[in-house]
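Novice: Shown below is the structure under consideration.
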Amino acid sequence: MFTIEHEFDATVITLIDEKHGEHRPLQEDVTILGFDDRVVIEQPEAPEGTRIARITLSLAQLAELRAALNLPEGNYRLGPPPG
C-alpha cells in the first residue's frame with residue numbers, strides 16, 4: 001500500500017509495508033520526498049523508531065537508479081562522460 005500527497009514544495013510518497021499472508025516481520029514505513037532538485041528517502045530505524053535514516057539522491061542519481069532497475073549486471077554511464 002502507498003499514499004501520495006502534494007505539499008507546497010514537495011511530493012510525498014509513503015510506502016506502507018503489509019504482510020500479505022507472509023511470515024516475516026513488518027518493516028517501518030518508507031517516505032519519499034520529491035523536490036525540484038533532489039529526492040529524499042526516509043525510514044525510521046527499527047526497532048525503536050526514534051532515529052530517522054535519510055538518503056538524498058540528486059535527480060541524476062535517481063535517473064541512474066531508475067535505469068539500473070531494468071538493466072542486466074554490468075557497468076553503465078547515462079550520457080557522455082563528465083568533464
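Note on naming: chains are A, B, ... as they come in the C-alpha cells, residues start from 1 per chain, ligands start from 1 in the order shown.
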Restrict the calculation to only C-alpha atoms, then for each residue of region 31-79 of chain A with any atom at most 7 Å from an atom of region 5-10 of chain A give the closest atom pair and their distance in Å to one decimal, rows by chain and rising residue number, as a Markdown table.

Specialist:
```
| residue | atom | partner | partner_atom | distance |
| --- | --- | --- | --- | --- |
| A:Leu33 | CA | A:Ala10 | CA | 6.1 |
| A:Gly34 | CA | A:Ala10 | CA | 5.2 |
| A:Phe35 | CA | A:Ala10 | CA | 4.8 |
```

Novice: May I have all residues of chain A that DSSP, computed from the backbone, assigns to alpha helix (DSSP H), given as JSON, numbers by chain?

Specialist: {"A": [59, 60, 61, 62, 63, 64, 65, 66, 67, 68]}

Novice: Could you dump the residues just selected with C-alpha atoms as a PDB file, in the first residue's frame?

Specialist:
```
ATOM      1  CA  LEU A  59      17.990  13.839  -9.965  1.00  0.00           C
ATOM      2  CA  ALA A  60      20.897  12.335 -11.970  1.00  0.00           C
ATOM      3  CA  GLN A  61      21.327   9.597  -9.348  1.00  0.00           C
ATOM      4  CA  LEU A  62      17.579   8.943  -9.423  1.00  0.00           C
ATOM      5  CA  ALA A  63      17.693   8.578 -13.236  1.00  0.00           C
ATOM      6  CA  GLU A  64      20.579   6.107 -12.903  1.00  0.00           C
ATOM      7  CA  LEU A  65      18.684   4.120 -10.263  1.00  0.00           C
ATOM      8  CA  ARG A  66      15.597   4.017 -12.484  1.00  0.00           C
ATOM      9  CA  ALA A  67      17.704   2.730 -15.411  1.00  0.00           C
ATOM     10  CA  ALA A  68      19.574   0.221 -13.221  1.00  0.00           C
TER      11      ALA A  68
END
```

Novice: Could you check which of A:His23, A:Ile52, A:Ile41, A:Asp29 is closest to Thr11 (chain A), using only C-alpha atoms?

Specialist: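 Between A:His23, A:Ile52, A:Ile41, A:Asp29, the residue approaching Thr11 (chain A) most closely is A:Ile41.
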
Novice: Taking the chain letters and numbering used in this document, name the residues of chain A that DSSP puts in strand (DSSP E), as a list in words.

Specialist: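 Checking each residue of chain A, the strand (DSSP E) ones are Phe2, Thr3, Ile4, Glu5, His6, Thr11, Val12, Ile13, Thr14, Leu15, Val30, Thr31, Ile32, Leu33, Gly34, Arg38, Val39, Val40, Ile41, Glu42, Gln43, Pro44, Ile52, Ala53, Arg54, Ile55, Thr56, Leu57 and Ser58 of chain A.
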
Novice: Which residues are close to Ala46 (chain A), i.e. within 10 Å by only C-alpha atoms, leaving aside same-chain residues fewer than 5 positions away? Reply as a short mmCIF file (atom, residue, chain, number, x, y, z; two decimals) with C-alpha atoms, in the first residue's frame.

Specialist:
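Writing done, so here's part-v8.cif:
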```cif
data_model
loop_
_atom_site.label_atom_id
_atom_site.label_comp_id
_atom_site.auth_asym_id
_atom_site.auth_seq_id
_atom_site.Cartn_x
_atom_site.Cartn_y
_atom_site.Cartn_z
CA GLN A 27 9.34 -3.06 8.07
CA GLU A 28 8.95 0.58 9.03
CA ARG A 51 16.01 7.98 14.71
CA ILE A 52 15.39 8.52 11.00
CA ALA A 53 17.67 7.02 8.34
#
```

Novice: Using only C-alpha atoms, find the one residue out of A:Leu15, A:Leu78, A:Val30, A:Met1 that sits nearest to Pro44 (chain A).

Specialist: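 Comparing A:Leu15, A:Leu78, A:Val30, A:Met1 against Pro44 (chain A), the winner is A:Val30.
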
Novice: One number please: CA of Thr14 (chain A) to CA of Asp36 (chain A), in Å, one decimal.

Specialist: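 Separation between CA of Thr14 (chain A) and CA of Asp36 (chain A): 18.1 Å.
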
Novice: Return the single residue from A:Val39, A:Glu45, A:Phe2, A:Leu71 that is closest to Glu18 (chain A), with distances computed using only C-alpha atoms.

Specialist: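 Checking each candidate against Glu18 (chain A), we get A:Phe2 as the closest.
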
Novice: So the first atom is CA of Arg54 (chain A) and the second is CA of Arg77 (chain A); what is the distance between them in Å, to one decimal place?

Specialist: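 Straight-line distance from CA of Arg54 (chain A) to CA of Arg77 (chain A) works out to 25.2 Å.
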